[in-house]
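Structure data follow from query.cif (mmCIF, C-alpha atoms):
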data_final
#
loop_
_atom_site.label_atom_id
_atom_site.label_comp_id
_atom_site.auth_asym_id
_atom_site.auth_seq_id
_atom_site.Cartn_x
_atom_site.Cartn_y
_atom_site.Cartn_z
CA MET A 1 14.93 -9.28 -28.99
CA ASN A 2 16.94 -9.20 -25.75
CA GLN A 3 15.75 -11.71 -23.19
CA LEU A 4 15.13 -10.26 -19.76
CA LYS A 5 16.24 -12.06 -16.63
CA THR A 6 13.44 -12.16 -14.09
CA PRO A 7 14.28 -13.08 -10.49
CA GLU A 8 12.95 -16.52 -9.47
CA ASN A 9 11.28 -15.16 -6.36
CA GLY A 10 9.79 -12.18 -8.21
CA TYR A 11 7.74 -9.27 -6.97
CA GLN A 12 4.32 -10.84 -7.68
CA SER A 13 5.26 -14.06 -5.93
CA ARG A 14 6.55 -12.21 -2.84
CA ILE A 15 3.45 -10.00 -2.68
CA CYS A 16 1.18 -13.01 -3.05
CA THR A 17 2.93 -14.77 -0.14
CA SER A 18 2.88 -11.74 2.17
CA SER A 19 -0.76 -10.95 1.23
CA LEU A 20 -1.79 -14.48 2.20
CA ARG A 21 0.18 -14.19 5.45
CA LEU A 22 -1.53 -10.86 6.25
CA LEU A 23 -4.94 -12.34 5.37
CA ALA A 24 -4.31 -15.29 7.70
CA TRP A 25 -3.26 -13.02 10.59
CA SER A 26 -6.24 -10.70 9.99
CA GLY A 27 -8.61 -13.67 10.03
CA ALA A 28 -7.00 -14.98 13.22
CA TRP A 29 -7.31 -11.55 14.86
CA LEU A 30 -10.98 -11.34 13.85
CA ALA A 31 -11.60 -14.80 15.36
CA ALA A 32 -9.69 -13.89 18.55
CA THR A 33 -11.68 -10.65 18.86
CA ALA A 34 -14.97 -12.50 18.39
CA LEU A 35 -13.89 -15.00 21.06
CA MET A 36 -13.00 -12.15 23.45
CA LYS A 37 -16.29 -10.36 22.78
CA PHE A 38 -18.74 -13.29 22.83
CA GLY A 39 -16.82 -15.94 24.80
CA PRO A 40 -17.57 -14.56 28.30
CA LYS A 41 -21.32 -14.56 27.62
CA PHE A 42 -21.81 -17.67 25.51
CA LEU A 43 -18.88 -20.00 26.25
CA TRP A 44 -17.54 -19.66 29.81
CA ASN A 45 -20.20 -17.81 31.78
CA ARG A 46 -18.08 -14.69 32.49
CA ALA A 47 -15.22 -16.56 34.24
CA SER A 48 -12.56 -13.85 34.78
CA VAL A 49 -9.51 -16.06 34.17
CA LEU A 50 -10.78 -17.26 30.80
CA THR A 51 -11.78 -13.72 29.85
CA LEU A 52 -8.26 -12.49 30.69
CA LEU A 53 -6.79 -15.33 28.63
CA ALA A 54 -9.02 -14.36 25.71
CA VAL A 55 -7.88 -10.73 26.03
CA GLY A 56 -4.24 -11.86 26.11
CA LEU A 57 -4.78 -14.03 23.04
CA ASP A 58 -6.45 -11.16 21.21
CA VAL A 59 -3.56 -8.78 21.98
CA ALA A 60 -0.93 -11.39 21.01
CA VAL A 61 -2.65 -12.18 17.69
CA GLY A 62 -3.11 -8.42 17.15
CA VAL A 63 0.66 -7.90 17.51
CA GLY A 64 1.18 -10.71 14.97
CA MET A 65 -1.20 -8.97 12.57
CA ILE A 66 0.63 -5.63 12.98
CA LEU A 67 3.98 -7.31 12.23
CA ALA A 68 2.47 -9.08 9.19
CA ASN A 69 1.13 -5.73 7.98
CA LYS A 70 4.58 -4.14 8.48
CA THR A 71 6.21 -6.94 6.46
CA TYR A 72 3.56 -6.57 3.76
CA ILE A 73 4.25 -2.81 3.42
CA GLU A 74 8.01 -3.46 3.25
CA GLN A 75 7.45 -5.98 0.43
CA LEU A 76 5.45 -3.51 -1.69
CA ASP A 77 7.22 -1.59 -4.42
CA GLU A 78 7.58 2.17 -4.10
CA LEU A 79 4.37 3.13 -5.94
CA GLN A 80 2.28 0.59 -4.02
CA GLN A 81 3.85 1.81 -0.77
CA LYS A 82 2.87 5.37 -1.69
CA VAL A 83 -0.74 4.30 -2.39
CA TYR A 84 -0.88 2.22 0.82
CA LEU A 85 0.66 4.89 3.06
CA ASN A 86 -1.57 7.61 1.58
CA ALA A 87 -4.58 5.42 2.35
CA LEU A 88 -3.35 4.85 5.93
CA GLY A 89 -2.85 8.61 6.37
CA ILE A 90 -6.34 9.43 5.08
CA THR A 91 -7.83 6.71 7.29
CA ALA A 92 -6.05 8.00 10.42
CA GLY A 93 -7.18 11.55 9.62
CA VAL A 94 -10.80 10.53 9.06
CA ALA A 95 -10.77 8.47 12.27
CA VAL A 96 -9.67 11.49 14.35
CA ILE A 97 -11.81 14.10 12.55
CA VAL A 98 -14.99 12.00 12.60
CA GLY A 99 -14.32 9.97 15.76
CA VAL A 100 -14.10 12.85 18.23
CA PRO A 101 -17.30 14.69 17.12
CA PHE A 102 -19.09 11.31 16.89
CA SER A 103 -18.12 10.52 20.46
CA VAL A 104 -19.24 13.99 21.65
CA MET A 105 -22.58 13.60 19.84
CA GLY A 106 -23.06 10.24 21.58
CA LEU A 107 -22.14 11.78 24.94
CA TYR A 108 -24.73 14.56 24.65
CA HIS A 109 -27.39 12.35 23.00
CA VAL A 110 -27.39 14.36 19.77
CA ILE A 111 -27.60 11.02 17.96
CA SER A 112 -30.33 8.54 18.85
CA PHE A 113 -28.00 5.53 19.15
CA HIS A 114 -24.98 4.82 21.37
CA ALA A 115 -21.62 5.67 19.74
CA GLU A 116 -19.70 2.37 19.63
CA ILE A 117 -16.04 1.73 18.74
CA TRP A 118 -17.30 -0.69 16.08
CA HIS A 119 -18.86 2.22 14.17
CA LEU A 120 -15.45 3.90 14.02
CA LEU A 121 -13.72 0.66 12.96
CA LEU A 122 -16.28 0.21 10.19
CA LEU A 123 -15.75 3.78 8.99
CA MET A 124 -11.96 3.26 9.07
CA GLY A 125 -12.26 0.04 7.07
CA LEU A 126 -14.46 1.65 4.42
CA THR A 127 -12.24 4.76 4.23
CA PHE A 128 -9.14 2.60 3.81
CA MET A 129 -10.74 0.51 1.05
CA PHE A 130 -11.94 3.59 -0.86
CA SER A 131 -8.54 5.28 -0.45
CA ILE A 132 -6.72 2.21 -1.81
CA ALA A 133 -9.17 2.02 -4.74
CA TYR A 134 -8.71 5.74 -5.44
CA GLY A 135 -4.91 5.44 -5.29
CA ASN A 136 -4.91 2.48 -7.68
CA TRP A 137 -7.28 4.33 -10.04
CA ARG A 138 -5.09 7.44 -9.94
CA TYR A 139 -1.93 5.53 -10.92
CA ARG A 140 -3.61 2.94 -13.16
CA MET P 141 10.16 14.50 -14.76
CA LYS P 142 10.05 13.10 -18.30
CA ASN P 143 11.50 9.77 -19.35
CA ARG P 144 12.20 7.57 -22.38
CA LEU P 145 11.29 4.31 -20.69
CA LYS P 146 8.46 3.45 -23.10
CA VAL P 147 10.64 4.07 -26.18
CA LEU P 148 13.59 2.12 -24.78
CA ARG P 149 11.32 -0.76 -23.81
CA ALA P 150 9.66 -0.80 -27.25
CA GLU P 151 13.07 -0.81 -28.98
CA ARG P 152 13.86 -4.04 -27.14
CA ASN P 153 10.40 -5.58 -27.65
CA TRP P 154 9.89 -5.94 -23.90
CA THR P 155 6.44 -5.91 -22.39
CA GLN P 156 5.64 -3.82 -19.32
CA ALA P 157 5.29 -7.04 -17.33
CA GLU P 158 8.75 -8.25 -18.42
CA LEU P 159 10.36 -4.92 -17.54
CA ALA P 160 8.51 -4.89 -14.22
CA GLY P 161 9.84 -8.39 -13.46
CA ALA P 162 13.40 -7.38 -14.30
CA LEU P 163 13.19 -4.25 -12.14
CA ASP P 164 11.39 -6.10 -9.33
CA VAL P 165 8.35 -3.82 -9.28
CA SER P 166 4.70 -4.15 -10.30
CA ARG P 167 3.51 -3.64 -13.89
CA GLN P 168 1.36 -0.77 -12.59
CA THR P 169 4.52 1.03 -11.44
CA ILE P 170 6.12 0.72 -14.90
CA ASN P 171 2.93 2.04 -16.49
CA ALA P 172 2.73 4.96 -14.03
CA ILE P 173 6.38 5.88 -14.71
CA GLU P 174 5.94 5.64 -18.49
CA THR P 175 2.87 7.87 -18.42
CA GLY P 176 4.60 10.40 -16.17
CA LYS P 177 2.18 9.89 -13.27
CA PHE P 178 4.90 8.68 -10.91
CA ASP P 179 8.57 9.58 -10.55
CA PRO P 180 10.80 6.65 -9.55
CA SER P 181 13.20 6.78 -6.63
CA LEU P 182 16.92 7.14 -7.30
CA PRO P 183 17.66 3.42 -6.59
CA LEU P 184 14.95 2.36 -9.09
CA ALA P 185 16.23 4.86 -11.67
CA PHE P 186 19.75 3.40 -11.22
CA ARG P 187 18.37 -0.15 -11.67
CA ALA P 188 16.63 0.94 -14.89
CA ALA P 189 19.79 2.63 -16.15
CA ARG P 190 21.86 -0.50 -15.43
CA LEU P 191 19.30 -2.68 -17.19
CA PHE P 192 19.27 -0.54 -20.33
CA GLY P 193 23.03 0.03 -20.20
CA LEU P 194 22.56 3.80 -20.20
CA ARG P 195 23.21 6.71 -17.86
CA ILE P 196 20.28 7.92 -15.73
CA GLU P 197 20.12 11.25 -17.56
CA GLU P 198 19.77 9.39 -20.87
CA ILE P 199 16.51 7.89 -19.58
CA PHE P 200 15.13 10.49 -17.17
CA HIS P 201 15.32 14.23 -17.52
CA ASP P 202 14.00 17.17 -15.56
CA GLU P 203 11.24 19.07 -17.38
CA ASP P 204 12.33 22.37 -15.77
CA ARG P 205 16.01 22.00 -16.68
CA SER P 206 15.81 23.85 -20.00
CA SER P 207 13.77 26.70 -18.54
CA LEU P 208 16.17 26.91 -15.58
CA ALA P 209 19.15 27.10 -17.95
CA THR P 210 17.44 29.94 -19.82
CA GLU P 211 16.80 31.81 -16.56
CA ILE P 212 20.46 31.48 -15.51
CA LYS P 213 21.61 32.91 -18.84
#

Taking this structure as input, can you express it in the form of structure tokens?
Amino acid sequence: MNQLKTPENGYQSRICTSSLRLLAWSGAWLAATALMKFGPKFLWNRASVLTLLAVGLDVAVGVGMILANKTYIEQLDELQQKVYLNALGITAGVAVIVGVPFSVMGLYHVISFHAEIWHLLLLMGLTFMFSIAYGNWRYR
Amino acid sequence: MKNRLKVLRAERNWTQAELAGALDVSRQTINAIETGKFDPSLPLAFRAARLFGLRIEEIFHDEDRSSLATEIK
């Protein structure tokens, strides 16, 4: 049997590292967004300077999360990239196709509740997760 | 595109995980290539050819090639 040489810093190890980095940035962004959303009301009594600082922090951490996501995609192998990019494409499509009519329905009170951006983010998150699961099932 | 990856791997007693490690891809990718669900890129095909010490066309071949040759005749 021929022994195979496996690189020391192999694929699984690299993906594990970049997944953890992306998870950390996503968690930080979530925390920064929560601070921006609830801080003015519960922590600093709507002080404009602190609110602006919280917005700046949220944007800065958001940029970090985007860069971590970019690095993560670059680290994936070609099949995983295909699955990931397909899922991103489906998510972007669903966001536009559902988001615009949803907003119009909210505008003309066709739906009983107010159309919030959080509804769209939730839909995008669920669509992305299902698309990734479908892609992995398809190429299992 | 068809390929002989599974046969070549079995001849050498390599597992999918070992081959994946040597080619720097996931085990899922090796499985998808072996089952014909996914066609590798040219750089990955070259890496596989180098690893097995074969030419690319000895591992991968176009399913339509024979029918195309018949049509040309």

**OP:** Write out as an MDAnalysis selection string which residues come within 7 Å of stretch 182-191 of chain P when counting all atoms listed in the file, dropping same-chain ones fewer than 4 positions away.
**Re:** chainID P and resid 163 195:196

Subject >> Counting only C-alpha atoms, the residue of A:Met105, A:Leu4, A:Ala68, A:Ile90 that sits nearest A:Ser26 >> reply: A:Ala68

**OP:** Using atom CA of A:Tyr108 and atom CA of A:Lys37 as the two end points, give the distance in Å to one decimal.
**Re:** 26.4 Å

Original post:
Counting only C-alpha atoms, which residues of chain P come no farther than 9 Å from chain A, as JSON, numbers by chain?
Top reply: {"P": [151, 152, 153, 154, 158, 159, 160, 161, 162, 163, 164, 165, 166, 168, 169, 171, 172, 177, 178, 179, 180, 181, 184]}

Original post:
What does the distance between atom CA of A:Leu50 and atom CA of A:Ala31 come to in Å, to one decimal place?
Top reply: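 If I compute the distance from atom CA of A:Leu50 to atom CA of A:Ala31, I get 15.7 Å.
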
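Rounded to one decimal, atom CA of P:Asp204 and atom CA of P:Met141 lie 8.2 Å from each other.
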
Original post:
Got a sec to resolve the PyMOL selection byres ((chain A and resi 114-122) around 12) on this structure and send the residues as JSON, numbers by chain?
Top reply: {"A": [33, 37, 91, 92, 94, 95, 96, 97, 98, 99, 100, 101, 102, 103, 104, 105, 106, 107, 108, 109, 110, 111, 112, 113, 123, 124, 125, 126, 127, 128, 129]}

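For A:Tyr72, the non-local neighbours within 9 Å, defined as residues at least 5 positions apart in the same chain or in other chains and counting all atoms listed in the file, are Ile15, Ser18, Ser19, Arg21, Leu22 and Leu67 of chain A.
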
Original post:
Applied to the shown file, which residues does the PyMOL selection byres ((chain A and resi 36) around 9) return, written as JSON, numbers by chain?
Top reply: {"A": [31, 32, 33, 34, 35, 37, 38, 39, 40, 51, 52, 53, 54, 55, 57, 58]}

Subject >> Selection result for the PyMOL selection byres ((chain A and resi 61) around 8) on this file, as a list in words >> reply: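 Checked against the file, the PyMOL selection byres ((chain A and resi 61) around 8) matches Trp25, Ala28, Trp29, Ala32, Leu57, Asp58, Val59, Ala60, Gly62, Val63, Gly64 and Met65 of chain A.
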
If I only have part of stretch 176-196 of chain P, can you fill in N, CA, C and O atoms and write it as a PDB file, in the frame of the given file?
ATOM      1  N   GLY P 176       4.215   9.182 -16.884  1.00  0.00           N
ATOM      2  CA  GLY P 176       4.600  10.400 -16.170  1.00  0.00           C
ATOM      3  C   GLY P 176       3.765  10.678 -14.923  1.00  0.00           C
ATOM      4  O   GLY P 176       3.826  11.768 -14.361  1.00  0.00           O
ATOM      5  N   LYS P 177       3.010   9.671 -14.472  1.00  0.00           N
ATOM      6  CA  LYS P 177       2.180   9.890 -13.270  1.00  0.00           C
ATOM      7  C   LYS P 177       2.986   9.703 -11.989  1.00  0.00           C
ATOM      8  O   LYS P 177       2.578  10.130 -10.922  1.00  0.00           O
ATOM      9  N   PHE P 178       4.102   8.999 -12.107  1.00  0.00           N
ATOM     10  CA  PHE P 178       4.900   8.680 -10.910  1.00  0.00           C
ATOM     11  C   PHE P 178       6.385   8.785 -11.246  1.00  0.00           C
ATOM     12  O   PHE P 178       6.823   8.273 -12.292  1.00  0.00           O
ATOM     13  N   ASP P 179       7.114   9.468 -10.381  1.00  0.00           N
ATOM     14  CA  ASP P 179       8.570   9.580 -10.550  1.00  0.00           C
ATOM     15  C   ASP P 179       9.264   8.517  -9.710  1.00  0.00           C
ATOM     16  O   ASP P 179       9.007   8.431  -8.505  1.00  0.00           O
ATOM     17  N   PRO P 180      10.145   7.722 -10.319  1.00  0.00           N
ATOM     18  CA  PRO P 180      10.800   6.650  -9.550  1.00  0.00           C
ATOM     19  C   PRO P 180      11.822   7.212  -8.566  1.00  0.00           C
ATOM     20  O   PRO P 180      12.308   8.332  -8.737  1.00  0.00           O
ATOM     21  N   SER P 181      12.148   6.397  -7.572  1.00  0.00           N
ATOM     22  CA  SER P 181      13.200   6.780  -6.630  1.00  0.00           C
ATOM     23  C   SER P 181      14.549   6.666  -7.340  1.00  0.00           C
ATOM     24  O   SER P 181      14.646   6.053  -8.414  1.00  0.00           O
ATOM     25  N   LEU P 182      15.579   7.213  -6.707  1.00  0.00           N
ATOM     26  CA  LEU P 182      16.920   7.140  -7.300  1.00  0.00           C
ATOM     27  C   LEU P 182      17.412   5.688  -7.451  1.00  0.00           C
ATOM     28  O   LEU P 182      17.924   5.326  -8.515  1.00  0.00           O
ATOM     29  N   PRO P 183      17.225   4.818  -6.417  1.00  0.00           N
ATOM     30  CA  PRO P 183      17.660   3.420  -6.590  1.00  0.00           C
ATOM     31  C   PRO P 183      16.966   2.728  -7.775  1.00  0.00           C
ATOM     32  O   PRO P 183      17.608   1.991  -8.524  1.00  0.00           O
ATOM     33  N   LEU P 184      15.665   2.991  -7.969  1.00  0.00           N
ATOM     34  CA  LEU P 184      14.950   2.360  -9.090  1.00  0.00           C
ATOM     35  C   LEU P 184      15.445   2.936 -10.424  1.00  0.00           C
ATOM     36  O   LEU P 184      15.605   2.197 -11.405  1.00  0.00           O
ATOM     37  N   ALA P 185      15.703   4.238 -10.446  1.00  0.00           N
ATOM     38  CA  ALA P 185      16.230   4.860 -11.670  1.00  0.00           C
ATOM     39  C   ALA P 185      17.599   4.263 -12.006  1.00  0.00           C
ATOM     40  O   ALA P 185      17.899   3.994 -13.177  1.00  0.00           O
ATOM     41  N   PHE P 186      18.430   4.028 -10.991  1.00  0.00           N
ATOM     42  CA  PHE P 186      19.750   3.400 -11.220  1.00  0.00           C
ATOM     43  C   PHE P 186      19.583   1.980 -11.758  1.00  0.00           C
ATOM     44  O   PHE P 186      20.310   1.565 -12.658  1.00  0.00           O
ATOM     45  N   ARG P 187      18.604   1.230 -11.195  1.00  0.00           N
ATOM     46  CA  ARG P 187      18.370  -0.150 -11.670  1.00  0.00           C
ATOM     47  C   ARG P 187      17.971  -0.131 -13.145  1.00  0.00           C
ATOM     48  O   ARG P 187      18.433  -0.956 -13.942  1.00  0.00           O
ATOM     49  N   ALA P 188      17.089   0.830 -13.497  1.00  0.00           N
ATOM     50  CA  ALA P 188      16.630   0.940 -14.890  1.00  0.00           C
ATOM     51  C   ALA P 188      17.815   1.291 -15.796  1.00  0.00           C
ATOM     52  O   ALA P 188      17.975   0.709 -16.876  1.00  0.00           O
ATOM     53  N   ALA P 189      18.636   2.218 -15.349  1.00  0.00           N
ATOM     54  CA  ALA P 189      19.790   2.630 -16.150  1.00  0.00           C
ATOM     55  C   ALA P 189      20.741   1.462 -16.381  1.00  0.00           C
ATOM     56  O   ALA P 189      21.239   1.248 -17.487  1.00  0.00           O
ATOM     57  N   ARG P 190      20.980   0.682 -15.321  1.00  0.00           N
ATOM     58  CA  ARG P 190      21.860  -0.500 -15.430  1.00  0.00           C
ATOM     59  C   ARG P 190      21.278  -1.512 -16.415  1.00  0.00           C
ATOM     60  O   ARG P 190      21.988  -2.063 -17.242  1.00  0.00           O
ATOM     61  N   LEU P 191      19.958  -1.697 -16.328  1.00  0.00           N
ATOM     62  CA  LEU P 191      19.300  -2.680 -17.190  1.00  0.00           C
ATOM     63  C   LEU P 191      19.398  -2.281 -18.668  1.00  0.00           C
ATOM     64  O   LEU P 191      19.656  -3.123 -19.529  1.00  0.00           O
ATOM     65  N   PHE P 192      19.210  -1.004 -18.944  1.00  0.00           N
ATOM     66  CA  PHE P 192      19.270  -0.540 -20.330  1.00  0.00           C
ATOM     67  C   PHE P 192      20.695  -0.230 -20.800  1.00  0.00           C
ATOM     68  O   PHE P 192      20.917   0.044 -21.975  1.00  0.00           O
ATOM     69  N   GLY P 193      21.638  -0.263 -19.858  1.00  0.00           N
ATOM     70  CA  GLY P 193      23.030   0.030 -20.200  1.00  0.00           C
ATOM     71  C   GLY P 193      23.226   1.496 -20.587  1.00  0.00           C
ATOM     72  O   GLY P 193      24.030   1.819 -21.461  1.00  0.00           O
ATOM     73  N   LEU P 194      22.483   2.369 -19.917  1.00  0.00           N
ATOM     74  CA  LEU P 194      22.560   3.800 -20.200  1.00  0.00           C
ATOM     75  C   LEU P 194      22.804   4.572 -18.914  1.00  0.00           C
ATOM     76  O   LEU P 194      22.710   4.009 -17.820  1.00  0.00           O
ATOM     77  N   ARG P 195      23.102   5.873 -19.060  1.00  0.00           N
ATOM     78  CA  ARG P 195      23.210   6.710 -17.860  1.00  0.00           C
ATOM     79  C   ARG P 195      21.802   7.177 -17.474  1.00  0.00           C
ATOM     80  O   ARG P 195      20.918   7.251 -18.330  1.00  0.00           O
ATOM     81  N   ILE P 196      21.617   7.503 -16.211  1.00  0.00           N
ATOM     82  CA  ILE P 196      20.280   7.920 -15.730  1.00  0.00           C
ATOM     83  C   ILE P 196      19.741   9.081 -16.565  1.00  0.00           C
ATOM     84  O   ILE P 196      18.578   9.085 -16.970  1.00  0.00           O
TER      85      ILE P 196
END
